[in-house]
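To be precise, the following lines are work16.cif, and they hold mmCIF, C-alpha atoms.
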```cif
data_data
loop_
_atom_site.group_PDB
_atom_site.id
_atom_site.type_symbol
_atom_site.label_atom_id
_atom_site.label_comp_id
_atom_site.auth_asym_id
_atom_site.auth_seq_id
_atom_site.Cartn_x
_atom_site.Cartn_y
_atom_site.Cartn_z
ATOM 1 C CA MET A 1 58.067 -28.275 -19.521
ATOM 2 C CA GLU A 2 58.143 -29.555 -15.964
ATOM 3 C CA LEU A 3 56.087 -32.551 -14.950
ATOM 4 C CA ASN A 4 53.847 -30.605 -12.570
ATOM 5 C CA GLN A 5 53.110 -28.008 -15.239
ATOM 6 C CA PHE A 6 52.222 -30.817 -17.626
ATOM 7 C CA ILE A 7 49.865 -32.342 -15.045
ATOM 8 C CA PHE A 8 48.303 -28.949 -14.354
ATOM 9 C CA PHE A 9 47.608 -28.345 -18.042
ATOM 10 C CA LEU A 10 46.275 -31.878 -18.429
ATOM 11 C CA LEU A 11 43.877 -31.452 -15.487
ATOM 12 C CA SER A 12 42.693 -27.999 -16.535
ATOM 13 C CA GLY A 13 42.216 -29.168 -20.118
ATOM 14 C CA LEU A 14 40.111 -32.069 -18.827
ATOM 15 C CA ILE A 15 38.093 -29.684 -16.646
ATOM 16 C CA LEU A 16 37.369 -27.206 -19.435
ATOM 17 C CA ILE A 17 36.625 -29.738 -22.196
ATOM 18 C CA PHE A 18 34.376 -31.897 -20.065
ATOM 19 C CA SER A 19 32.491 -28.983 -18.513
ATOM 20 C CA VAL A 20 31.675 -27.707 -22.022
ATOM 21 C CA LEU A 21 30.570 -31.233 -22.955
ATOM 22 C CA ALA A 22 28.466 -31.505 -19.774
ATOM 23 C CA ILE A 23 26.380 -28.487 -20.708
ATOM 24 C CA THR A 24 26.101 -29.252 -24.432
ATOM 25 C CA SER A 25 25.559 -33.018 -24.470
ATOM 26 C CA ARG A 26 22.096 -33.979 -25.685
ATOM 27 C CA LYS A 27 21.934 -37.208 -23.694
ATOM 28 C CA ILE A 28 21.366 -36.536 -20.013
ATOM 29 C CA LEU A 29 23.166 -39.562 -18.601
ATOM 30 C CA ARG A 30 26.268 -38.697 -20.606
ATOM 31 C CA ALA A 31 26.106 -35.153 -19.242
ATOM 32 C CA ALA A 32 26.155 -36.608 -15.706
ATOM 33 C CA VAL A 33 29.218 -38.734 -16.514
ATOM 34 C CA TYR A 34 30.987 -35.684 -17.994
ATOM 35 C CA LEU A 35 30.204 -33.796 -14.766
ATOM 36 C CA LEU A 36 31.754 -36.692 -12.824
ATOM 37 C CA THR A 37 34.947 -36.347 -14.887
ATOM 38 C CA VAL A 38 35.082 -32.608 -14.166
ATOM 39 C CA LEU A 39 34.757 -33.211 -10.421
ATOM 40 C CA VAL A 40 37.445 -35.901 -10.348
ATOM 41 C CA ALA A 41 39.842 -33.652 -12.305
ATOM 42 C CA THR A 42 39.109 -30.859 -9.808
ATOM 43 C CA SER A 43 40.101 -33.128 -6.953
ATOM 44 C CA GLY A 44 43.343 -33.706 -8.848
ATOM 45 C CA LEU A 45 43.921 -29.935 -8.751
ATOM 46 C CA TYR A 46 43.361 -30.023 -4.972
ATOM 47 C CA PHE A 47 45.997 -32.746 -4.679
ATOM 48 C CA MET A 48 48.370 -30.473 -6.613
ATOM 49 C CA LEU A 49 47.717 -27.738 -4.031
ATOM 50 C CA ASN A 50 48.632 -30.202 -1.223
ATOM 51 C CA TYR A 51 45.150 -30.094 0.325
ATOM 52 C CA GLU A 52 44.694 -33.851 0.658
ATOM 53 C CA PHE A 53 41.732 -33.671 3.040
ATOM 54 C CA MET A 54 39.813 -31.342 0.707
ATOM 55 C CA ALA A 55 40.591 -33.581 -2.258
ATOM 56 C CA ALA A 56 39.288 -36.610 -0.365
ATOM 57 C CA VAL A 57 36.129 -34.686 0.559
ATOM 58 C CA GLN A 58 35.724 -33.687 -3.073
ATOM 59 C CA LEU A 59 36.062 -37.303 -4.226
ATOM 60 C CA THR A 60 33.725 -38.819 -1.635
ATOM 61 C CA LEU A 61 31.072 -36.099 -1.369
ATOM 62 C CA TYR A 62 30.922 -34.623 -4.853
ATOM 63 C CA ALA A 63 32.006 -37.478 -7.091
ATOM 64 C CA GLY A 64 30.673 -40.208 -4.842
ATOM 65 C CA GLY A 65 27.583 -38.582 -3.366
ATOM 66 C CA ILE A 66 26.106 -35.822 -5.448
ATOM 67 C CA VAL A 67 26.761 -37.382 -8.863
ATOM 68 C CA VAL A 68 25.251 -40.675 -7.722
ATOM 69 C CA LEU A 69 22.218 -38.750 -6.436
ATOM 70 C CA ILE A 70 21.903 -36.958 -9.791
ATOM 71 C CA ILE A 71 22.194 -40.243 -11.716
ATOM 72 C CA PHE A 72 19.499 -41.793 -9.498
ATOM 73 C CA SER A 73 17.156 -38.907 -10.171
ATOM 74 C CA ILE A 74 17.881 -39.099 -13.913
ATOM 75 C CA LEU A 75 16.952 -42.775 -13.894
ATOM 76 C CA LEU A 76 13.771 -42.014 -11.942
ATOM 77 C CA THR A 77 12.577 -39.133 -14.108
ATOM 78 C CA SER A 78 13.637 -39.684 -17.720
ATOM 79 C CA HIS A 79 14.334 -42.369 -20.303
ATOM 80 C CA ILE A 80 17.995 -43.145 -20.870
ATOM 81 C CA SER A 81 17.671 -43.142 -24.647
ATOM 82 C CA HIS A 82 15.826 -39.826 -24.668
ATOM 83 C CA LYS A 83 17.639 -37.088 -26.607
ATOM 84 C CA PHE A 84 17.008 -33.405 -25.987
ATOM 85 C CA GLU A 85 15.908 -31.186 -28.826
ATOM 86 C CA GLN A 86 18.321 -28.521 -29.927
ATOM 87 C CA PRO A 87 17.937 -25.513 -27.594
ATOM 88 C CA ALA A 88 16.400 -22.382 -29.071
ATOM 89 C CA LEU A 89 18.832 -20.221 -30.997
ATOM 90 C CA ALA A 90 18.041 -17.112 -28.954
ATOM 91 C CA ASN A 91 18.855 -19.024 -25.760
ATOM 92 C CA VAL A 92 22.158 -20.289 -27.130
ATOM 93 C CA PHE A 93 23.048 -16.794 -28.279
ATOM 94 C CA ALA A 94 22.179 -15.204 -24.920
ATOM 95 C CA GLY A 95 24.056 -17.859 -22.973
ATOM 96 C CA ALA A 96 27.167 -17.734 -25.123
ATOM 97 C CA LEU A 97 27.204 -13.925 -25.081
ATOM 98 C CA THR A 98 26.886 -13.831 -21.279
ATOM 99 C CA GLY A 99 29.587 -16.443 -20.889
ATOM 100 C CA ILE A 100 32.101 -14.889 -23.257
ATOM 101 C CA LEU A 101 31.584 -11.296 -22.075
ATOM 102 C CA GLY A 102 31.691 -12.179 -18.382
ATOM 103 C CA CYS A 103 34.677 -14.457 -18.878
ATOM 104 C CA GLY A 104 36.532 -11.756 -20.786
ATOM 105 C CA VAL A 105 35.949 -9.089 -18.147
ATOM 106 C CA ALA A 106 36.870 -11.409 -15.266
ATOM 107 C CA ILE A 107 40.038 -12.735 -16.919
ATOM 108 C CA TRP A 108 41.113 -9.226 -17.894
ATOM 109 C CA SER A 109 40.793 -8.037 -14.292
ATOM 110 C CA ILE A 110 42.600 -11.167 -13.004
ATOM 111 C CA ILE A 111 45.543 -10.496 -15.317
ATOM 112 C CA LYS A 112 45.652 -6.815 -14.359
ATOM 113 C CA PHE A 113 45.423 -7.327 -10.598
ATOM 114 C CA PRO A 114 48.714 -7.475 -8.643
ATOM 115 C CA PHE A 115 48.434 -10.389 -6.225
ATOM 116 C CA VAL A 116 50.564 -9.903 -3.113
ATOM 117 C CA ALA A 117 51.262 -12.944 -0.965
ATOM 118 C CA THR A 118 51.730 -12.695 2.773
ATOM 119 C CA THR A 119 55.251 -13.068 4.109
ATOM 120 C CA GLN A 120 54.342 -15.183 7.133
ATOM 121 C CA PRO A 121 55.679 -18.734 7.224
ATOM 122 C CA ALA A 122 53.447 -21.305 5.606
ATOM 123 C CA LEU A 123 51.404 -23.709 7.708
ATOM 124 C CA VAL A 124 52.017 -27.400 7.126
ATOM 125 C CA VAL A 125 48.522 -28.732 6.475
ATOM 126 C CA ASP A 126 48.065 -32.194 7.885
ATOM 127 C CA MET A 127 44.996 -33.923 9.253
ATOM 128 C CA LYS A 128 45.803 -32.948 12.849
ATOM 129 C CA VAL A 129 45.870 -29.221 12.059
ATOM 130 C CA VAL A 130 42.615 -29.461 10.105
ATOM 131 C CA GLY A 131 40.858 -31.326 12.904
ATOM 132 C CA THR A 132 42.130 -29.023 15.642
ATOM 133 C CA GLN A 133 41.064 -25.876 13.823
ATOM 134 C CA LEU A 134 37.685 -27.308 12.827
ATOM 135 C CA MET A 135 36.816 -28.102 16.440
ATOM 136 C CA ASN A 136 38.429 -25.046 18.063
ATOM 137 C CA THR A 137 36.464 -22.147 19.538
ATOM 138 C CA GLY A 138 39.417 -19.795 19.980
ATOM 139 C CA ASN A 139 41.513 -17.958 17.440
ATOM 140 C CA TYR A 140 41.441 -19.629 13.989
ATOM 141 C CA GLY A 141 38.666 -21.893 15.245
ATOM 142 C CA TYR A 142 35.692 -22.969 13.179
ATOM 143 C CA ALA A 143 33.446 -24.706 15.710
ATOM 144 C CA LEU A 144 30.453 -22.377 15.143
ATOM 145 C CA PRO A 145 30.246 -22.843 11.335
ATOM 146 C CA PHE A 146 30.680 -26.571 11.897
ATOM 147 C CA GLU A 147 27.668 -26.696 14.250
ATOM 148 C CA VAL A 148 25.587 -24.470 11.964
ATOM 149 C CA ILE A 149 26.343 -26.651 8.959
ATOM 150 C CA SER A 150 25.325 -29.775 10.887
ATOM 151 C CA VAL A 151 21.967 -28.202 11.783
ATOM 152 C CA LEU A 152 21.527 -27.131 8.149
ATOM 153 C CA LEU A 153 22.221 -30.675 6.930
ATOM 154 C CA LEU A 154 19.684 -32.084 9.406
ATOM 155 C CA ALA A 155 17.071 -29.566 8.210
ATOM 156 C CA ALA A 156 17.795 -30.362 4.561
ATOM 157 C CA MET A 157 17.492 -34.092 5.220
ATOM 158 C CA ILE A 158 14.118 -33.723 6.957
ATOM 159 C CA ALA A 159 12.900 -31.376 4.219
ATOM 160 C CA ALA A 160 13.926 -33.782 1.462
ATOM 161 C CA ILE A 161 12.154 -36.703 3.156
ATOM 162 C CA ILE A 162 8.955 -34.705 3.725
ATOM 163 C CA ILE A 163 8.888 -33.237 0.207
ATOM 164 C CA ALA A 164 9.529 -36.518 -1.581
ATOM 165 C CA LYS A 165 7.242 -38.773 0.460
ATOM 166 C CA LYS A 166 4.090 -40.004 -1.165
ATOM 167 C CA GLY A 167 0.544 -38.896 -0.403
ATOM 168 C CA ASN A 168 0.952 -35.655 1.504
ATOM 169 C CA MET B 1 55.232 -28.450 -6.253
ATOM 170 C CA ILE B 2 53.231 -25.466 -7.476
ATOM 171 C CA GLN B 3 56.000 -22.880 -7.417
ATOM 172 C CA ASP B 4 56.368 -22.578 -11.191
ATOM 173 C CA ILE B 5 52.634 -22.278 -11.884
ATOM 174 C CA PRO B 6 51.381 -18.686 -11.435
ATOM 175 C CA ILE B 7 48.184 -18.038 -9.494
ATOM 176 C CA GLN B 8 46.594 -16.520 -12.585
ATOM 177 C CA TYR B 9 46.515 -19.885 -14.381
ATOM 178 C CA PHE B 10 44.387 -21.445 -11.644
ATOM 179 C CA LEU B 11 42.112 -18.400 -11.536
ATOM 180 C CA ILE B 12 41.630 -18.407 -15.325
ATOM 181 C CA VAL B 13 40.635 -22.089 -15.247
ATOM 182 C CA SER B 14 38.124 -21.543 -12.448
ATOM 183 C CA THR B 15 36.710 -18.374 -14.071
ATOM 184 C CA THR B 16 36.177 -20.155 -17.368
ATOM 185 C CA MET B 17 34.492 -23.034 -15.549
ATOM 186 C CA PHE B 18 32.237 -20.588 -13.665
ATOM 187 C CA PHE B 19 31.032 -18.921 -16.857
ATOM 188 C CA ILE B 20 30.553 -22.274 -18.592
ATOM 189 C CA GLY B 21 28.227 -23.080 -15.689
ATOM 190 C CA VAL B 22 26.359 -19.775 -16.061
ATOM 191 C CA CYS B 23 26.046 -20.367 -19.809
ATOM 192 C CA GLY B 24 24.683 -23.873 -19.205
ATOM 193 C CA PHE B 25 22.176 -22.542 -16.690
ATOM 194 C CA ILE B 26 20.843 -20.174 -19.383
ATOM 195 C CA ILE B 27 20.894 -22.640 -22.280
ATOM 196 C CA ARG B 28 19.517 -25.790 -20.646
ATOM 197 C CA ARG B 29 15.772 -26.388 -20.290
ATOM 198 C CA ASN B 30 15.806 -29.493 -18.114
ATOM 199 C CA LEU B 31 15.779 -29.139 -14.336
ATOM 200 C CA ILE B 32 18.428 -31.802 -13.650
ATOM 201 C CA THR B 33 20.872 -30.363 -16.180
ATOM 202 C CA MET B 34 20.321 -26.915 -14.677
ATOM 203 C CA LEU B 35 21.213 -28.406 -11.278
ATOM 204 C CA MET B 36 24.371 -29.819 -12.858
ATOM 205 C CA ALA B 37 25.279 -26.340 -14.130
ATOM 206 C CA ILE B 38 24.887 -25.025 -10.567
ATOM 207 C CA GLU B 39 27.233 -27.756 -9.325
ATOM 208 C CA LEU B 40 29.813 -26.589 -11.878
ATOM 209 C CA ILE B 41 29.510 -23.022 -10.556
ATOM 210 C CA LEU B 42 29.933 -24.077 -6.915
ATOM 211 C CA ASN B 43 32.899 -26.247 -7.818
ATOM 212 C CA SER B 44 34.705 -23.408 -9.586
ATOM 213 C CA VAL B 45 34.202 -21.162 -6.550
ATOM 214 C CA ASN B 46 35.777 -23.895 -4.403
ATOM 215 C CA ILE B 47 38.879 -23.895 -6.607
ATOM 216 C CA ASN B 48 39.125 -20.126 -6.118
ATOM 217 C CA PHE B 49 38.907 -20.377 -2.313
ATOM 218 C CA LEU B 50 41.619 -23.034 -2.109
ATOM 219 C CA VAL B 51 43.935 -21.265 -4.552
ATOM 220 C CA PHE B 52 43.705 -17.948 -2.709
ATOM 221 C CA ASN B 53 44.345 -19.783 0.553
ATOM 222 C CA LYS B 54 47.394 -21.609 -0.816
ATOM 223 C CA PHE B 55 49.026 -18.785 -2.745
ATOM 224 C CA LEU B 56 48.236 -15.639 -0.757
ATOM 225 C CA PHE B 57 47.571 -16.679 2.873
ATOM 226 C CA PRO B 58 49.344 -19.991 3.471
ATOM 227 C CA HIS B 59 49.724 -19.365 7.223
ATOM 228 C CA GLN B 60 46.047 -20.082 7.955
ATOM 229 C CA LEU B 61 43.219 -22.259 6.665
ATOM 230 C CA GLN B 62 40.304 -19.905 6.034
ATOM 231 C CA GLY B 63 39.768 -20.764 2.367
ATOM 232 C CA HIS B 64 40.026 -24.457 3.163
ATOM 233 C CA PHE B 65 37.141 -24.309 5.648
ATOM 234 C CA PHE B 66 35.072 -22.062 3.382
ATOM 235 C CA ALA B 67 35.421 -24.657 0.632
ATOM 236 C CA LEU B 68 34.487 -27.439 3.070
ATOM 237 C CA ILE B 69 31.302 -25.579 4.025
ATOM 238 C CA VAL B 70 30.470 -24.865 0.380
ATOM 239 C CA VAL B 71 30.674 -28.607 -0.331
ATOM 240 C CA ALA B 72 28.284 -29.341 2.551
ATOM 241 C CA ILE B 73 25.840 -26.684 1.330
ATOM 242 C CA ALA B 74 26.032 -28.095 -2.209
ATOM 243 C CA ALA B 75 25.107 -31.512 -0.849
ATOM 244 C CA ALA B 76 22.135 -30.102 1.096
ATOM 245 C CA GLU B 77 20.994 -28.103 -1.934
ATOM 246 C CA ALA B 78 21.243 -31.092 -4.269
ATOM 247 C CA SER B 79 19.230 -33.326 -1.937
ATOM 248 C CA VAL B 80 16.388 -30.810 -1.501
ATOM 249 C CA ALA B 81 16.380 -29.966 -5.226
ATOM 250 C CA ILE B 82 16.175 -33.617 -6.248
ATOM 251 C CA ALA B 83 13.319 -34.226 -3.790
ATOM 252 C CA LEU B 84 11.500 -31.295 -5.440
ATOM 253 C CA PHE B 85 12.210 -32.688 -8.933
ATOM 254 C CA ILE B 86 10.768 -36.084 -8.015
ATOM 255 C CA ASN B 87 7.664 -34.422 -6.617
ATOM 256 C CA ILE B 88 7.308 -32.303 -9.766
ATOM 257 C CA TYR B 89 7.721 -35.419 -11.900
ATOM 258 C CA ARG B 90 4.873 -37.127 -10.037
ATOM 259 C CA ARG B 91 2.595 -34.176 -10.702
ATOM 260 C CA PHE B 92 3.509 -33.211 -14.284
ATOM 261 C CA THR B 93 5.230 -36.430 -15.559
ATOM 262 C CA ASN B 94 8.176 -34.459 -16.944
ATOM 263 C CA ILE B 95 10.752 -31.995 -15.674
ATOM 264 C CA GLU B 96 11.180 -29.572 -18.566
ATOM 265 C CA VAL B 97 10.898 -25.974 -17.374
ATOM 266 C CA GLU B 98 8.640 -24.956 -20.269
ATOM 267 C CA ASN B 99 5.902 -27.341 -19.167
ATOM 268 C CA ILE B 100 5.949 -26.324 -15.507
ATOM 269 C CA SER B 101 4.463 -22.853 -15.583
ATOM 270 C CA GLU B 102 1.795 -23.012 -12.875
ATOM 271 C CA MET B 103 2.400 -23.220 -9.148
ATOM 272 C CA LYS B 104 -1.163 -24.077 -8.203
ATOM 273 C CA TYR B 105 -1.360 -26.922 -5.727
#
```
Turn the structure described in the file into structure tokens.
Amino acid sequence: MELNQFIFFLLSGLILIFSVLAITSRKILRAAVYLLTVLVATSGLYFMLNYEFMAAVQLTLYAGGIVVLIIFSILLTSHISHKFEQPALANVFAGALTGILGCGVAIWSIIKFPFVATTQPALVVDMKVVGTQLMNTGNYGYALPFEVISVLLLAAMIAAIIIAKKGN
Amino acid sequence: MIQDIPIQYFLIVSTTMFFIGVCGFIIRRNLITMLMAIELILNSVNINFLVFNKFLFPHQLQGHFFALIVVAIAAAEASVAIALFINIYRRFTNIEVENISEMKY
């Protein structure tokens, strides 16, 4: 087995095992740490795809931002030593059935589908290309989504401050 | 570097992760763990975007920017959701979905 195949299987094994643990762990802080492991392993997959900028965004925003936010809110709203009760059996059954059936159908159609790659020469993705396309208004430009996402982030920030402030 | 790994392997990993997230959203009864299941779902969709971009359309960067925007939306969603959870905790002193059944102000 080649080294990159070994690393791929290692990363995907980490992702699958720790995402199962994150949704079945009965201690909430441990579930958050398992989620952190899943996100870091995902950024490893992005490094394998040669998307370094996306992997850095994944590490700083997801693993550094969102997980820290989740851990803060866990510490604010529940006791660390608190253990969940076992979920109801009907819930577990419904969830597992949905997961297994949906997963089976989706994987079956993925295996059946013939993926055809384009024949055009590949773009070398470096930081300059990413920045130019992100700020470009012409062909292959993404300036409009960039502006819209900045307005959305501003709105979300104001909404979060107003919702969470005391004595409204 | 990825030539000897077929696209299907990546897609199977992200599909399994997506349905683990859906399963967790159904099973869990705590609001924060449900938010974590949603993060798993969004993350698996990001893997799909980047893999399709890399394997099928490597001459442009559409999937890359879609994934970037999904990350930003996940951050906005998590911040608003956690503000709501803290407000709910002030009012009901817990965040289990069974105990929060009335929306009266």
For A:Ile15, which residue out of B:Asn94, B:Asn99, B:Asn87, B:Asn43 is the nearest one, using only C-alpha atoms?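 Of all the options, B:Asn43 lies closest to A:Ile15.
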To verify the selection step, state as an NGL selection string which residues the PyMOL selection byres ((chain B) within 6 of (chain A)) yields on this input. :B and (19 or 23-24 or 26-27 or 56-59 or 76 or 80 or 83 or 87)
Using all atoms listed in the file, can you tell me which of B:Phe49, B:Pro6, B:Ser14, B:Glu39 comes closest to B:Gln62? B:Phe49
One decimal, in Å: what's the spacing between atom CA of A:Lys27 and atom CA of B:Val97? 17.0 Å
Would you compute the distance between atom CA of B:Leu11 and atom CA of B:Asn48? Give it in Å to one decimal.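 Separating atom CA of B:Leu11 from atom CA of B:Asn48 is a distance of 6.4 Å.
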Given the file shown, enumerate the residues that the PyMOL selection byres ((chain B and resi 38) around 9) captures and present them as an MDAnalysis selection string. chainID B and resid 21:22 24:25 33:37 39:43 74
Restricting it to C-alpha atoms, dump the selection as a tab-separated table (two decimals), in the frame of the given file.
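As written to disk, out.tsv reads:
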```
chain	number	residue	atom	x	y	z
B	21	GLY	CA	28.23	-23.08	-15.69
B	22	VAL	CA	26.36	-19.77	-16.06
B	24	GLY	CA	24.68	-23.87	-19.20
B	25	PHE	CA	22.18	-22.54	-16.69
B	33	THR	CA	20.87	-30.36	-16.18
B	34	MET	CA	20.32	-26.92	-14.68
B	35	LEU	CA	21.21	-28.41	-11.28
B	36	MET	CA	24.37	-29.82	-12.86
B	37	ALA	CA	25.28	-26.34	-14.13
B	39	GLU	CA	27.23	-27.76	-9.32
B	40	LEU	CA	29.81	-26.59	-11.88
B	41	ILE	CA	29.51	-23.02	-10.56
B	42	LEU	CA	29.93	-24.08	-6.92
B	43	ASN	CA	32.90	-26.25	-7.82
B	74	ALA	CA	26.03	-28.10	-2.21
```
In Å, with one decimal, what is the gap from atom CA of B:Ile69 to atom CA of B:Lys54? 17.3 Å
Non-local contacts of B:Ile95 (8 Å; only C-alpha atoms; under 2 positions in same chain excluded) as a short mmCIF file (atom, residue, chain, number, x, y, z; two decimals) with C-alpha atoms, in the coordinates of the input:
```
data_model
loop_
_atom_site.label_atom_id
_atom_site.label_comp_id
_atom_site.auth_asym_id
_atom_site.auth_seq_id
_atom_site.Cartn_x
_atom_site.Cartn_y
_atom_site.Cartn_z
CA THR A 77 12.58 -39.13 -14.11
CA ASN B 30 15.81 -29.49 -18.11
CA LEU B 31 15.78 -29.14 -14.34
CA ILE B 32 18.43 -31.80 -13.65
CA PHE B 85 12.21 -32.69 -8.93
CA ILE B 88 7.31 -32.30 -9.77
CA TYR B 89 7.72 -35.42 -11.90
CA PHE B 92 3.51 -33.21 -14.28
CA THR B 93 5.23 -36.43 -15.56
CA VAL B 97 10.90 -25.97 -17.37
CA ASN B 99 5.90 -27.34 -19.17
CA ILE B 100 5.95 -26.32 -15.51
#
```
